[in-house]
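Presented below is the structure to which this report refers.
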Amino acid sequence: MAILEVNNVKKVYTTRFGGNQVQALSDVSFSVEKGEYVAIMGESGSGKTTLLNILAALDKATAGQVLLNGKNLSTLRERELSTFRRQNLGFVFQDFNLLDNFNLQDNIFLPLVLAGKGYHEMMKRLTPIAAKLGIQDILAKYPYEVSGGQKQRVAVARALITNPQLILADEPTGALDSKAAEGLLSMFQYINEEGQTILMVTHSIKAASCAKRVLFIKDGQVFHQLYKGSGSNEEMYQKISDTLTVITTGGGRHE
């Protein structure tokens with residue numbers, strides 16, 4: 001069952017004085033099934049960040065539709081969007097987006113506080129997630145007291161605690177050293193195996209090779225896609241490398 005449907009999405013930006021138009025997305029269509037783990041790759045300027053912002057309901061498409069569980073995001077009013085995001089989407093960012101004046105536990109609780117949940121309910125949700133991510137012993141600490149890898153685990157906990165339909169990850173390994181990045185990717189694979197749907201934008205071939213499917217964006221369109229199937233991460237890594245070589249050397253579009 002498709003949890004996310006992207007149909008003929010186009011995005012055109014008009015410059016400040018209306019003199020020029022920049023087409024960031026020209027015609028993007030794909031779907032994500034419940035329980036999938038999908039990575040989106042592309043060169044800088046290919047449109048992948050614009051696409052992620054539209055999927056996150058942080059920006060609106062010029063044309064086309066984005067449906068999450070059948071709900072057309074373009075029909076939501078501004079005051080409904082924040083509630084919709086909080087109830088349906090979890091976010092993991094490159095720079096963690098943690099508040100330094102909140103301890104880690106309160107950072108994780110923040111979306112539930114905004115949703116009006118009580119302390120007992122918040123603790124009930126946090127306990128199994130903290131155990132799963134191995135952060136039980138650092139919850140009383142503040143972001144500036146822990147490592148980048150620990151901050152990212154806290155960010156993942158904050159994304160998971162709302163029981164989101166979909167996790168959107170924007171370059172989640174970008175600010176991590178190789179060991180912390182490997183730990184995060186293992187964690188993503190683990191939570192995906194437990195049924196969580198993940199859509200990740202990344203430049204990292206290693207990160208993308210952990211996904212079950214990779215979409216390549218070029219010139220504002222889906223250029224090609226790869227399925228891992230029963231292959232290994234190493235085999236997927238080589239397939240991704242070969243595809244990126246075709247893209248950067250100007251190869252033709254794949255369907």
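Identifiers in the structure tokens: chain A, B, ... in order shown; residue index from 1 per chain; ligand index from 1 in order shown.
The environment of A:Leu168 within 7 Å, counting only C-alpha atoms and disregarding residues fewer than 2 places along the same chain, consists of A:Gly90, A:Phe91, A:Val92, A:Leu166, A:Asp170, A:Ile198, A:Leu199, A:Met200.
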For this session: Return as a PyMOL selection string the full set of residues in stretch 61-231 of chain A whose backbone-based DSSP assignment is strand (DSSP E or B).
Result: chain A and resi 63-68+71-72+89-93+166-170+198-201+213-218+221-227
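Closest approach to A:Leu160 among A:Gln21, A:Asn88, A:Thr249, A:Gln225: A:Asn88, based on only C-alpha atoms.
Atom CA of A:Leu226 is positioned 27.0 Å from atom CA of A:Asn72.
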Counting only C-alpha atoms, which residues of stretch 158-182 of chain A sit at most 12 Å from some atom of stretch 120-133 of chain A, and what is each one's closest atom pair with its distance in Å to one decimal, listed by chain and rising residue number, as a tab-separated table?
residue	atom	partner	partner_atom	distance
A:Arg158	CA	A:Leu126	CA	9.0
A:Ala159	CA	A:Ile129	CA	10.4
A:Leu160	CA	A:Ile129	CA	7.6
A:Ile161	CA	A:Arg125	CA	6.3
A:Thr162	CA	A:Arg125	CA	8.5
A:Asn163	CA	A:Arg125	CA	9.1
Those residues you just picked out, can you put them in a file as a short mmCIF file (atom, residue, chain, number, x, y, z; two decimals), in the first residue's frame with N, CA and C atoms?
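Saved file again_36.cif follows:
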data_model
loop_
_atom_site.label_atom_id
_atom_site.label_comp_id
_atom_site.auth_asym_id
_atom_site.auth_seq_id
_atom_site.Cartn_x
_atom_site.Cartn_y
_atom_site.Cartn_z
N ARG A 158 13.36 11.82 18.88
CA ARG A 158 12.35 12.87 18.76
C ARG A 158 11.46 12.63 17.54
N ALA A 159 12.05 12.13 16.46
CA ALA A 159 11.26 11.84 15.25
C ALA A 159 10.33 10.65 15.47
N LEU A 160 10.78 9.66 16.24
CA LEU A 160 10.00 8.43 16.42
C LEU A 160 8.89 8.57 17.46
N ILE A 161 9.04 9.49 18.39
CA ILE A 161 8.15 9.50 19.55
C ILE A 161 6.71 9.87 19.20
N THR A 162 6.49 10.47 18.05
CA THR A 162 5.11 10.81 17.64
C THR A 162 4.46 9.67 16.85
N ASN A 163 5.16 8.54 16.72
CA ASN A 163 4.66 7.42 15.91
C ASN A 163 4.32 7.88 14.49
#
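Between atom CA of A:Thr50 and atom CA of A:Leu25 lies a distance of 7.7 Å.
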For this session: Identify all residues of stretch 33-183 of chain A in alpha helix (DSSP H) (DSSP on the backbone) and supply them as number ranges by chain.
Result: A: 48-55, 78-88, 104-114, 119-133, 148-160, 178-183
Give me a file of those residues, with C-alpha atoms, as a short mmCIF file (atom, residue, chain, number, x, y, z; two decimals), in the first residue's frame.
data_model
loop_
_atom_site.label_atom_id
_atom_site.label_comp_id
_atom_site.auth_asym_id
_atom_site.auth_seq_id
_atom_site.Cartn_x
_atom_site.Cartn_y
_atom_site.Cartn_z
CA LYS A 48 16.18 17.02 -4.21
CA THR A 49 16.11 19.53 -1.32
CA THR A 50 13.19 21.36 -2.92
CA LEU A 51 11.41 18.03 -3.23
CA LEU A 52 12.03 17.20 0.42
CA ASN A 53 10.64 20.58 1.50
CA ILE A 54 7.48 19.94 -0.51
CA LEU A 55 7.10 16.45 0.97
CA GLU A 78 -1.62 27.13 6.91
CA ARG A 79 -2.89 26.63 10.45
CA GLU A 80 -3.49 22.93 9.74
CA LEU A 81 -0.02 22.25 8.37
CA SER A 82 1.93 22.30 11.64
CA THR A 83 -0.55 19.91 13.25
CA PHE A 84 -0.45 17.64 10.20
CA ARG A 85 3.36 17.57 10.22
CA ARG A 86 3.47 16.84 13.95
CA GLN A 87 0.95 14.00 13.69
CA ASN A 88 2.25 12.32 10.52
CA LEU A 104 17.90 15.80 25.82
CA GLN A 105 14.76 14.32 27.32
CA ASP A 106 12.89 17.61 26.96
CA ASN A 107 14.12 17.95 23.37
CA ILE A 108 12.60 14.54 22.60
CA PHE A 109 9.37 15.46 24.40
CA LEU A 110 8.91 18.75 22.53
CA PRO A 111 6.58 17.53 19.74
CA LEU A 112 4.42 15.75 22.32
CA VAL A 113 4.29 18.87 24.51
CA LEU A 114 3.09 20.83 21.47
CA TYR A 119 3.94 13.54 31.20
CA HIS A 120 2.87 9.94 31.88
CA GLU A 121 2.07 9.39 28.19
CA MET A 122 5.38 10.99 27.15
CA MET A 123 7.40 8.76 29.49
CA LYS A 124 5.49 5.68 28.34
CA ARG A 125 6.50 6.43 24.75
CA LEU A 126 10.07 7.45 25.55
CA THR A 127 11.14 4.42 27.60
CA PRO A 128 11.17 1.79 24.80
CA ILE A 129 12.58 4.24 22.24
CA ALA A 130 15.44 5.32 24.52
CA ALA A 131 16.29 1.67 25.19
CA LYS A 132 16.19 0.86 21.48
CA LEU A 133 18.54 3.75 20.65
CA GLY A 148 27.44 14.33 17.44
CA GLY A 149 26.43 10.69 17.20
CA GLN A 150 24.52 10.91 20.48
CA LYS A 151 22.81 14.11 19.34
CA GLN A 152 21.66 12.38 16.17
CA ARG A 153 20.29 9.44 18.17
CA VAL A 154 18.31 11.93 20.25
CA ALA A 155 17.04 13.55 17.03
CA VAL A 156 15.90 10.12 15.82
CA ALA A 157 14.14 9.53 19.15
CA ARG A 158 12.35 12.87 18.76
CA ALA A 159 11.26 11.84 15.25
CA LEU A 160 10.00 8.43 16.42
CA SER A 178 32.48 7.71 10.06
CA LYS A 179 31.86 5.67 13.22
CA ALA A 180 28.82 7.70 14.29
CA ALA A 181 27.48 7.65 10.72
CA GLU A 182 27.77 3.86 10.61
CA GLY A 183 25.92 3.62 13.91
#
